[in-house]
Every structure is written in C-alpha cells, then in structure tokens.
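A.B. asks: The structure's right below; bear with me while I get my questions together.
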Amino acid sequence: MKKFSRSILVILLCFLGVTESAENHVAFGNITELESGNLKIVFTLEQVALINSYALDDPSRIVIDIKNVTLKGSVDASKVSPIKLIRASEINDNVRVVIDLKGSVFWKKPWQVKHKDRVDLILEIKRDKTITKNLRDIIVAIDAGHGGKDPGAVGKNLLEKDVTLLIAKELERTLRDTDGYRPVMIRSGDKFVALDDRYQNARKLGADLFVSIHADAFRLSSVKGSSVYVWSEEASSITAENLSKSELTKNPDIRSKIGKLDVRDFDEDAARTIFQIANEAKINNSIVLAEKIIEQMKRDPFTSMHKPGVEFADFRVLKSIDIPSVLIESGFISNPDDAKRLEGKAGRRMIARSIFLGIHDYFKEKPKPNTFMADGPKNIEYEIQKGDVISEIAIRFGVTINEIIQWNNLNNKSIYPGQKIKIFI
Ligand SMILES: [Zn+2]
C-alpha cells in the first residue's frame with residue numbers, strides 16, 4: 001500500500017514539476033557592448049528558471065547553472081574581449097554555461113527579464129584590471145509591504161504602506177552607497193504588487209537575500225514592539241498564525257492570486273519538492289539572517305521587541321525556495337509609542353539600520369564567494385552623498401562620530417560628495 005502511494009506521488013511530482021519545466025529551453029541570444037563599457041550577454045528561455053551562478057579564478061570564468069532546462073541550438077558567440085569562449089553543455093536536467101575570460105571582471109549576478117514571448121537571461125561583465133579576482137555586488141531585494149490599493153494596517157495618523165516604503169527607502173539608501181551591496185526595490189512607489197510577483201521579482205532580479213518590511217496593528221493598543229519572521233508551512237506561534245490570516249484578509253487580491261501564477265514564472269511550490277536541499281539551506285540561512293537582525297534590534301535603545309526570538313509564519317511572500325527571506329514587523333502602528341517612533345525619520349532610520357547591520361553580519365558569517373564582502377577588506381566603504389553629515393552617517397551604521405573622524409583622519413576636514421570613507425562594523 002505504501003509503495004503504491006509513493007508511486008502516485010512520483011507521478012504527481014513528474015506532473016507538477018518535471019514535465020512542466022522540461023518545456024523550458026535555453027538558447028544563446030546575443031552579445032552587445034553597452035555605453036557603460038559593460039558587455040551584455042543574453043540567453044533566452046521560455047520560463048523563468050532556477051539559476052545558480054558563480055565565478056572562478058585561474059583560469060578566470062563565470063559559470064551559470066540553469067536548472068531543469070535543455071539546450072536549444074548552439075552557442076555561436078563571436079569572441080569579444082574579455083570573453084575567450086562561451087560554452088554550454090547539458091548535465092542531467094540542467095544546462096551549464098561557462099564563460100571563459102581573459103582576466104578578472106566585475107560581473108553582475110545574472111537576472112531574468114520577462115517579455116511577452118520569452119524570458120531573457122542577462123549577464124553583464126566588465127573587465128577591470130585593478131582587481132585580481134572576479135567580483136560582484138551582493139543583491140538585496142527590499143520589499144516594502146503593501147502599497148497602492150492595499151494600505152495594510154491602518155493607524156490613527158499613518159498607513160502601513162507608507163511606513164514600510166519609507167523604511168525600505170532608508171535601507172535602500174544605505175545599501176546603495178555602501179560598496180559591495182546593490183539594493184533592488186520590489187516596489188519603489190505607492191504601487192500595488194501582488195504577493196506572488198514580489199518573490200518572483202526577487203528571483204528575476206537575482207537577489208541574494210529578500211527582506212520584506214511591514215508594520216502591524218492589533219485591537220489592543222498596548223501591544224507593541226518588533227518581530228522578525230521566517231517562512232514555515234506550519235506557523236509556530238498563534239500570533240504568527242493570526243498575522244498570516246490577517247495579511248490575507250487585509251488583502252483580498254492575495255487569495256485570488258494564489259495558484260494563478262503566470263506560466264512563464266518559476267513555480268516555487270512545485271520546485272520545493274524537487275530542490276529540497278536548496279530549500280533546507282534557504283530555511284536555515286533565513287533563520288541566521290533573522291537572528292542577526294534581531295540581535296541588532298536589541299541593541300537599538302528605541303526599538304522594543306514584541307517577540308525576542310525568530311518567529312515562524314506561513315507568509316507567502318517568503319516562499320522562495322532558495323533565496324533567504326525574512327519578514328520584519330517593525331512595530332505596531334496601533335500602539336502610541338510604536339506609532340510615534342515609526343512616524344519619525346529617526347525611528348524608521350533605526351529599523352533600517354538594524355536590518356542593514358543584520359544583513360552585514362549575516363554575510364560576515366556566511367560570505368558569498370567572489371563578492372566584495374567576502375574578498376575585500378574587513379571594513380566597509382561608504383560613498384558620501386550630497387547633503388550627508390557625519391552625525392547622520394554615524395547613526396546609519398551604529399558607530400560614533402569620533403570613530404568616523406579617527407578612521408578617516410577627518411579632524412578639521414570637511415566631507416564632500418563622492419568621497420569614500422571607511423567604517424569598521
Ligand atoms: Zn503588513
């Protein structure tokens with residue numbers, strides 16, 4: 001009996017995953033030189049695929065493993081410097097593309113762009129003679145909760161969708177101006193984005209991490225504080241379960257969206273059974289990331305914790321099978337203290353700072369090979385922007401003004417836009 005049901009399961013899995021994704025093909029597209037001097041290499045797919053990419057040195061090359069696809073046509077790439085050769089081969093159900101290079105390059109993690117009739121898989125590289133290893137930025141997807149017709153929680157003077165976007169923009173700014181990181185915004189304005197599209201977009205953008213920012217409301221105004229969630233099919237706490245449900249009822253479009261993925265999207269639910277190891281690693285890494293953010297939140301004197309440990313909830317937005325994902329409830333806008341904190345720039349900046357430092361601590365513990373964070377010096381470099389003042393930078397990174405002055409010999413010197421300063425965190 002057991003054996004019988006297992007074979008049904010296998011058939012079901014084939015039906016759900018393998019047959020569907022077997023239709024996906026990868027073909028070589030073209031190479032173009034951009035105005036920026038970057039070389040853009042395009043492959044085409046029929047559906048968004050699960051991709052693992054990494055760079056190797058000696059000899060220098062970039063490898064892109066595309067899961068559950070077959071190769072269509074041959075790779076007929078004219079050799080444009082610094083490309084020596086592009087080769088592709090089928091390994092089991094996957095295609096491995098190798099780009100052999102003449103020297104070290106700065107590369108952008110491949111991303112996928114959906115068109116009406118195809119999906120483009122894009123890699124950008126740039127020869128950089130000053131680096132001795134292939135390097136890339138870490139991509140952090142920032143998801144400001146709710147937006148547009150979905151206001152999220154409604155407080156006396158503020159809406160969740162506005163608070164989440166302002167915190168997201170704070171975090172974006174810090175990541176953008178810090179060497180080695182590149183933020184990508186899931187929404188950058190007051191726009192409605194369906195939950196499925198949020199994690200799908202993170203995948204398409206090639207995100208290394210996904211952080212979803214929220215602020216909650218509760219019928220008891222005394223309930224306050226921040227919490228950090230990771231995904232679990234079985235929510236571990238009753239609060240989390242209620243939250244999952246309230247996120248659903250708050251946003252009726254979520255219900256109608258479930259199970260209605262675009263056929264060219266990557267089906268995370270079907271993939272979960274096929275790529276179990278990747279999914280387990282993702283869950284463990286999400287927990288580490290959540291712990292790091294919580295540690296930083298606890299250091300912030302202005303933020304109290306609603307839950308002291310990592311919480312688990314079935315938040316659909318966190319469902320990516322391989323991108324470590326956390327959801328941050330930055331506070332309860334139904335609580336007067338939290339509302340006051342989140343209404344002010346300072347309070348929001350502290351949340352953004354905890355998230356940034358948590359992300360940075362995560363990559364210190366789990367460095368990604370061939371990124372600036374893994375191979376660079378142990379300090380970070382921040383590029384001064386117009387309007388920046390040292391006191392504000394100090395708050396952003398959780399250091400003192402004096403430390404910034406000492407590390408950068410800034411005594412009696414003023415800072416200027418474009419200047420890079422060192423910060424040891
Ligand atoms: Zn929310």
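Labels for the structure tokens follow display order: chains A, B, ..., residues from 1 in each chain, ligands from 1.
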Find the residues around Gly206 (chain A) up to 7 Å (only C-alpha atoms counted), leave out those fewer than 6 positions away in its own chain, and share them as a list in words.

C.D. replies: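 Answer for this query is Lys109, Pro110 and Trp111 of chain A.
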
A.B. asks: Output the neighbourhood of ligand 1 as an mmCIF file with N, CA and C atoms, in the first residue's frame, that is, all protein and nucleic acid residues with some atom at most 9 Å from the ligand, counting only C-alpha atoms and all ligand atoms.

C.D. replies:
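So the final result, stored in part.cif, reads:
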```cif
data_model
loop_
_atom_site.group_PDB
_atom_site.id
_atom_site.type_symbol
_atom_site.label_atom_id
_atom_site.label_comp_id
_atom_site.auth_asym_id
_atom_site.auth_seq_id
_atom_site.Cartn_x
_atom_site.Cartn_y
_atom_site.Cartn_z
ATOM 1 N N ALA A 144 8.903 46.535 0.293
ATOM 2 C CA ALA A 144 8.072 47.379 1.156
ATOM 3 C C ALA A 144 6.661 46.800 1.126
ATOM 4 N N GLY A 145 6.173 46.344 2.273
ATOM 5 C CA GLY A 145 4.883 45.663 2.346
ATOM 6 C C GLY A 145 3.730 46.530 1.853
ATOM 7 N N HIS A 146 2.741 45.857 1.258
ATOM 8 C CA HIS A 146 1.507 46.512 0.798
ATOM 9 C C HIS A 146 1.782 47.570 -0.268
ATOM 10 N N PRO A 151 -3.639 49.303 1.642
ATOM 11 C CA PRO A 151 -2.922 50.161 2.603
ATOM 12 C C PRO A 151 -2.212 49.383 3.708
ATOM 13 N N GLY A 152 -2.531 48.093 3.874
ATOM 14 C CA GLY A 152 -2.004 47.342 5.010
ATOM 15 C C GLY A 152 -2.720 47.798 6.269
ATOM 16 N N ALA A 153 -2.016 47.767 7.405
ATOM 17 C CA ALA A 153 -2.628 48.178 8.670
ATOM 18 C C ALA A 153 -2.877 49.684 8.647
ATOM 19 N N GLU A 160 0.229 51.636 7.021
ATOM 20 C CA GLU A 160 1.368 50.717 6.969
ATOM 21 C C GLU A 160 2.141 50.858 5.664
ATOM 22 N N LYS A 161 1.419 50.981 4.536
ATOM 23 C CA LYS A 161 2.109 51.013 3.237
ATOM 24 C C LYS A 161 3.086 52.179 3.122
ATOM 25 N N THR A 164 6.195 51.372 5.541
ATOM 26 C CA THR A 164 7.078 50.332 5.000
ATOM 27 C C THR A 164 7.940 50.886 3.859
ATOM 28 N N SER A 212 11.328 41.620 3.633
ATOM 29 C CA SER A 212 10.003 42.209 3.489
ATOM 30 C C SER A 212 9.719 43.032 4.741
ATOM 31 N N ILE A 213 9.361 44.287 4.531
ATOM 32 C CA ILE A 213 9.192 45.202 5.667
ATOM 33 C C ILE A 213 7.712 45.497 5.895
ATOM 34 N N HIS A 214 7.289 45.315 7.133
ATOM 35 C CA HIS A 214 5.883 45.536 7.493
ATOM 36 C C HIS A 214 5.773 46.302 8.808
ATOM 37 N N ALA A 215 4.550 46.698 9.117
ATOM 38 C CA ALA A 215 4.234 47.274 10.429
ATOM 39 C C ALA A 215 2.829 46.820 10.713
ATOM 40 N N ASP A 216 2.574 46.368 11.935
ATOM 41 C CA ASP A 216 1.277 45.748 12.164
ATOM 42 C C ASP A 216 0.348 46.617 13.008
ATOM 43 N N ALA A 217 -0.883 46.167 13.106
ATOM 44 C CA ALA A 217 -1.849 46.801 14.003
ATOM 45 C C ALA A 217 -2.569 45.684 14.763
ATOM 46 N N LEU A 243 -1.460 36.588 12.259
ATOM 47 C CA LEU A 243 -0.893 37.575 11.354
ATOM 48 C C LEU A 243 -1.020 37.108 9.912
ATOM 49 N N SER A 246 -4.479 37.597 8.967
ATOM 50 C CA SER A 246 -4.884 38.993 8.812
ATOM 51 C C SER A 246 -4.247 39.605 7.571
ATOM 52 N N GLU A 247 -3.039 39.145 7.223
ATOM 53 C CA GLU A 247 -2.423 39.636 5.981
ATOM 54 C C GLU A 247 -3.311 39.222 4.800
ATOM 55 N N LYS A 250 -6.613 41.294 4.896
ATOM 56 C CA LYS A 250 -6.337 42.691 4.578
ATOM 57 C C LYS A 250 -6.235 42.879 3.072
ATOM 58 N N GLU A 329 8.374 42.812 11.085
ATOM 59 C CA GLU A 329 7.286 43.653 11.573
ATOM 60 C C GLU A 329 7.983 44.724 12.395
#
```

A.B. asks: Excluding Ser304 (chain A) and residues on its chain fewer than 4 positions from it, collect all residues at most 9 Å away from it, counting only C-alpha atoms, and give them as a list in words.

C.D. replies: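 Neighbouring residues, sequence-local ones excluded: Lys224, Gly225, Ser226, Met297, Lys298, Asp300, Gly331 and Asp338 of chain A.
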
A.B. asks: Can those selected residues be exported to a file as a PDB file, in the first residue's frame so that it contains N, CA and C atoms?

C.D. replies:
```pdb
ATOM      1  N   LYS A 224       2.946  46.067  21.507  1.00  0.00           N
ATOM      2  CA  LYS A 224       3.955  46.854  20.794  1.00  0.00           C
ATOM      3  C   LYS A 224       5.205  46.033  20.491  1.00  0.00           C
ATOM      4  N   GLY A 225       6.107  46.629  19.729  1.00  0.00           N
ATOM      5  CA  GLY A 225       7.417  46.025  19.503  1.00  0.00           C
ATOM      6  C   GLY A 225       7.589  45.399  18.131  1.00  0.00           C
ATOM      7  N   SER A 226       8.827  45.038  17.847  1.00  0.00           N
ATOM      8  CA  SER A 226       9.180  44.474  16.540  1.00  0.00           C
ATOM      9  C   SER A 226       9.298  42.957  16.615  1.00  0.00           C
ATOM     10  N   MET A 297      18.452  44.700  16.485  1.00  0.00           N
ATOM     11  CA  MET A 297      17.281  45.417  17.004  1.00  0.00           C
ATOM     12  C   MET A 297      17.364  45.544  18.523  1.00  0.00           C
ATOM     13  N   LYS A 298      17.904  44.495  19.145  1.00  0.00           N
ATOM     14  CA  LYS A 298      18.018  44.519  20.605  1.00  0.00           C
ATOM     15  C   LYS A 298      19.042  45.555  21.075  1.00  0.00           C
ATOM     16  N   ASP A 300      19.340  48.430  19.679  1.00  0.00           N
ATOM     17  CA  ASP A 300      18.760  49.747  19.409  1.00  0.00           C
ATOM     18  C   ASP A 300      17.885  50.143  20.598  1.00  0.00           C
ATOM     19  N   GLY A 331       6.912  47.265  14.004  1.00  0.00           N
ATOM     20  CA  GLY A 331       6.222  47.728  15.194  1.00  0.00           C
ATOM     21  C   GLY A 331       4.730  47.719  14.952  1.00  0.00           C
ATOM     22  N   ASP A 338       4.934  52.992  19.476  1.00  0.00           N
ATOM     23  CA  ASP A 338       5.449  52.496  18.185  1.00  0.00           C
ATOM     24  C   ASP A 338       5.058  53.452  17.057  1.00  0.00           C
TER      25      ASP A 338
END
```

A.B. asks: So which residues touch Gly148 (chain A) within 10 Å, counting only C-alpha atoms, skipping near sequence neighbours fewer than 5 positions away, as a list in words?

C.D. replies: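 Near neighbours after the sequence-gap exclusion: Lys161, Asp162, Gly189, Asp190, Lys191, Phe192 and Val193 of chain A.
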
A.B. asks: With only C-alpha atoms counted and 10 Å as the cut-off, give the residues of region 131-208 of chain A in contact with region 47-64 of chain A, each with its shortest interatomic distance in Å and the pair that gives it, as a Markdown table.

C.D. replies:
```
| residue | atom | partner | partner_atom | distance |
| --- | --- | --- | --- | --- |
| A:Thr132 | CA | A:Asp57 | CA | 8.6 |
| A:Lys133 | CA | A:Asp57 | CA | 6.3 |
| A:Asn134 | CA | A:Ala55 | CA | 6.3 |
| A:Leu135 | CA | A:Ala55 | CA | 7.8 |
| A:Arg136 | CA | A:Ala55 | CA | 9.0 |
| A:Gln200 | CA | A:Val48 | CA | 8.8 |
| A:Arg203 | CA | A:Leu50 | CA | 8.1 |
| A:Lys204 | CA | A:Val48 | CA | 7.2 |
| A:Gly206 | CA | A:Ile51 | CA | 8.5 |
```

A.B. asks: Given the selection you just returned, output its residues as a file containing C-alpha atoms, formatted as a PDB file, in the first residue's frame.

C.D. replies:
```
ATOM      1  CA  THR A 132      42.731  40.184  -9.272  1.00  0.00           C
ATOM      2  CA  LYS A 133      39.583  38.128  -8.682  1.00  0.00           C
ATOM      3  CA  ASN A 134      36.212  38.160 -10.372  1.00  0.00           C
ATOM      4  CA  LEU A 135      33.911  40.181  -8.160  1.00  0.00           C
ATOM      5  CA  ARG A 136      30.260  41.084  -7.922  1.00  0.00           C
ATOM      6  CA  GLN A 200       9.024  36.157  -8.373  1.00  0.00           C
ATOM      7  CA  ARG A 203      14.180  35.739  -8.292  1.00  0.00           C
ATOM      8  CA  LYS A 204      14.207  37.551 -11.621  1.00  0.00           C
ATOM      9  CA  GLY A 206      18.907  37.638  -8.999  1.00  0.00           C
TER      10      GLY A 206
END
```

A.B. asks: Using the chain letters and numbers from this document, which residues of region 84-274 of chain A does DSSP assign to strand (DSSP E), as a VMD selection string?

C.D. replies: chain A and resid 84 to 91 94 to 101 105 to 114 119 to 127 138 to 144 181 to 185 209 to 216 227 to 231

A.B. asks: Create the file for the chosen residues now, containing C-alpha atoms and written as a PDB file, in the first residue's frame.

C.D. replies:
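Final output, again-v8.pdb:
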```
ATOM      1  CA  LYS A  84      37.565  33.931 -24.687  1.00  0.00           C
ATOM      2  CA  LEU A  85      34.820  31.421 -25.250  1.00  0.00           C
ATOM      3  CA  ILE A  86      31.236  30.695 -24.259  1.00  0.00           C
ATOM      4  CA  ARG A  87      30.418  27.024 -23.955  1.00  0.00           C
ATOM      5  CA  ALA A  88      27.286  25.224 -22.852  1.00  0.00           C
ATOM      6  CA  SER A  89      26.530  21.610 -22.041  1.00  0.00           C
ATOM      7  CA  GLU A  90      23.627  19.564 -20.730  1.00  0.00           C
ATOM      8  CA  ILE A  91      24.205  17.855 -17.400  1.00  0.00           C
ATOM      9  CA  ASN A  94      20.392  21.175 -16.277  1.00  0.00           C
ATOM     10  CA  VAL A  95      22.391  23.300 -18.631  1.00  0.00           C
ATOM     11  CA  ARG A  96      25.779  24.614 -17.610  1.00  0.00           C
ATOM     12  CA  VAL A  97      27.011  27.725 -19.373  1.00  0.00           C
ATOM     13  CA  VAL A  98      30.668  28.611 -18.911  1.00  0.00           C
ATOM     14  CA  ILE A  99      32.068  31.952 -19.978  1.00  0.00           C
ATOM     15  CA  ASP A 100      35.842  31.750 -20.251  1.00  0.00           C
ATOM     16  CA  LEU A 101      37.510  35.102 -19.660  1.00  0.00           C
ATOM     17  CA  VAL A 105      35.958  41.075 -14.352  1.00  0.00           C
ATOM     18  CA  PHE A 106      33.386  42.887 -12.315  1.00  0.00           C
ATOM     19  CA  TRP A 107      30.176  40.987 -13.039  1.00  0.00           C
ATOM     20  CA  LYS A 108      26.544  41.455 -12.214  1.00  0.00           C
ATOM     21  CA  LYS A 109      24.696  38.417 -10.950  1.00  0.00           C
ATOM     22  CA  PRO A 110      22.552  37.188 -13.872  1.00  0.00           C
ATOM     23  CA  TRP A 111      18.951  38.358 -13.889  1.00  0.00           C
ATOM     24  CA  GLN A 112      15.870  37.426 -15.883  1.00  0.00           C
ATOM     25  CA  VAL A 113      13.543  39.755 -17.740  1.00  0.00           C
ATOM     26  CA  LYS A 114      10.141  38.521 -18.822  1.00  0.00           C
ATOM     27  CA  VAL A 119      12.410  35.353 -20.835  1.00  0.00           C
ATOM     28  CA  ASP A 120      15.823  36.954 -21.296  1.00  0.00           C
ATOM     29  CA  LEU A 121      18.630  35.787 -19.056  1.00  0.00           C
ATOM     30  CA  ILE A 122      21.188  38.563 -18.849  1.00  0.00           C
ATOM     31  CA  LEU A 123      24.768  38.655 -17.630  1.00  0.00           C
ATOM     32  CA  GLU A 124      26.813  41.841 -17.605  1.00  0.00           C
ATOM     33  CA  ILE A 125      30.572  41.856 -17.224  1.00  0.00           C
ATOM     34  CA  LYS A 126      33.257  44.495 -17.286  1.00  0.00           C
ATOM     35  CA  ARG A 127      36.983  43.955 -17.470  1.00  0.00           C
ATOM     36  CA  ILE A 138      25.541  41.347  -3.200  1.00  0.00           C
ATOM     37  CA  ILE A 139      21.959  41.913  -4.331  1.00  0.00           C
ATOM     38  CA  VAL A 140      19.437  42.634  -1.592  1.00  0.00           C
ATOM     39  CA  ALA A 141      15.769  42.660  -2.578  1.00  0.00           C
ATOM     40  CA  ILE A 142      13.837  45.118  -0.410  1.00  0.00           C
ATOM     41  CA  ASP A 143      10.111  44.502  -0.261  1.00  0.00           C
ATOM     42  CA  ALA A 144       8.072  47.379   1.156  1.00  0.00           C
ATOM     43  CA  TYR A 181      25.936  45.950  -1.965  1.00  0.00           C
ATOM     44  CA  ARG A 182      23.266  46.631  -4.540  1.00  0.00           C
ATOM     45  CA  PRO A 183      19.669  47.050  -3.385  1.00  0.00           C
ATOM     46  CA  VAL A 184      16.750  46.238  -5.659  1.00  0.00           C
ATOM     47  CA  MET A 185      13.317  47.557  -4.723  1.00  0.00           C
ATOM     48  CA  LEU A 209      18.512  37.984   0.021  1.00  0.00           C
ATOM     49  CA  PHE A 210      14.913  39.094   0.399  1.00  0.00           C
ATOM     50  CA  VAL A 211      13.678  41.344   3.200  1.00  0.00           C
ATOM     51  CA  SER A 212      10.003  42.209   3.489  1.00  0.00           C
ATOM     52  CA  ILE A 213       9.192  45.202   5.667  1.00  0.00           C
ATOM     53  CA  HIS A 214       5.883  45.536   7.493  1.00  0.00           C
ATOM     54  CA  ALA A 215       4.234  47.274  10.429  1.00  0.00           C
ATOM     55  CA  ASP A 216       1.277  45.748  12.164  1.00  0.00           C
ATOM     56  CA  SER A 227       9.338  40.871  15.363  1.00  0.00           C
ATOM     57  CA  VAL A 228      11.202  39.017  12.644  1.00  0.00           C
ATOM     58  CA  TYR A 229       9.635  36.111  10.778  1.00  0.00           C
ATOM     59  CA  VAL A 230      10.870  33.339   8.546  1.00  0.00           C
ATOM     60  CA  TRP A 231       8.690  31.075   6.446  1.00  0.00           C
TER      61      TRP A 231
END
```

A.B. asks: Nearest residue to Arg316 (chain A) out of A:Asp93, A:Asp197, A:Glu343, A:Glu170, using only C-alpha atoms?

C.D. replies: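 Among A:Asp93, A:Asp197, A:Glu343, A:Glu170, it is A:Asp197 that comes nearest to Arg316 (chain A).
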
A.B. asks: Kindly indicate which residue among A:Ile321, A:Met305, A:Ile355, A:Ile415 lies nearest to Ile283 (chain A), using only C-alpha atoms for the distances.

C.D. replies: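 Closest residue, counting only C-alpha atoms: A:Ile321.
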
A.B. asks: Skip Arg348 (chain A) itself and residues of its chain fewer than 6 positions away, then list as a CSV table (one decimal) with C-alpha atoms, in the first residue's frame all residues within 8 Å of it, counting only C-alpha atoms.

C.D. replies:
```csv
chain,number,residue,atom,x,y,z
A,163,VAL,CA,5.8,53.4,6.8
A,166,LEU,CA,9.9,55.0,4.0
A,167,ILE,CA,11.9,52.3,5.9
A,170,GLU,CA,16.2,54.3,4.2
A,341,ARG,CA,8.6,56.0,16.6
A,342,LEU,CA,7.6,55.0,13.1
```

A.B. asks: Using DSSP on the backbone, list every residue of region 57-270 of chain A that comes out as helix (DSSP H, G or I), and give them as a ChimeraX atom specification.

C.D. replies: /A:160-176,195-204,238-250,252-257,268-270

A.B. asks: So how far away is CA of Lys307 (chain A) from CA of Leu159 (chain A), in Å?

C.D. replies: 22.5 Å

A.B. asks: Using only C-alpha atoms, pick whichever of A:Glu291, A:Glu35, A:Glu392, A:Glu23 has the shortest atom-to-atom distance to Lys72 (chain A).

C.D. replies: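 Once distances to Lys72 (chain A) are computed over only C-alpha atoms, the minimum belongs to A:Glu23.
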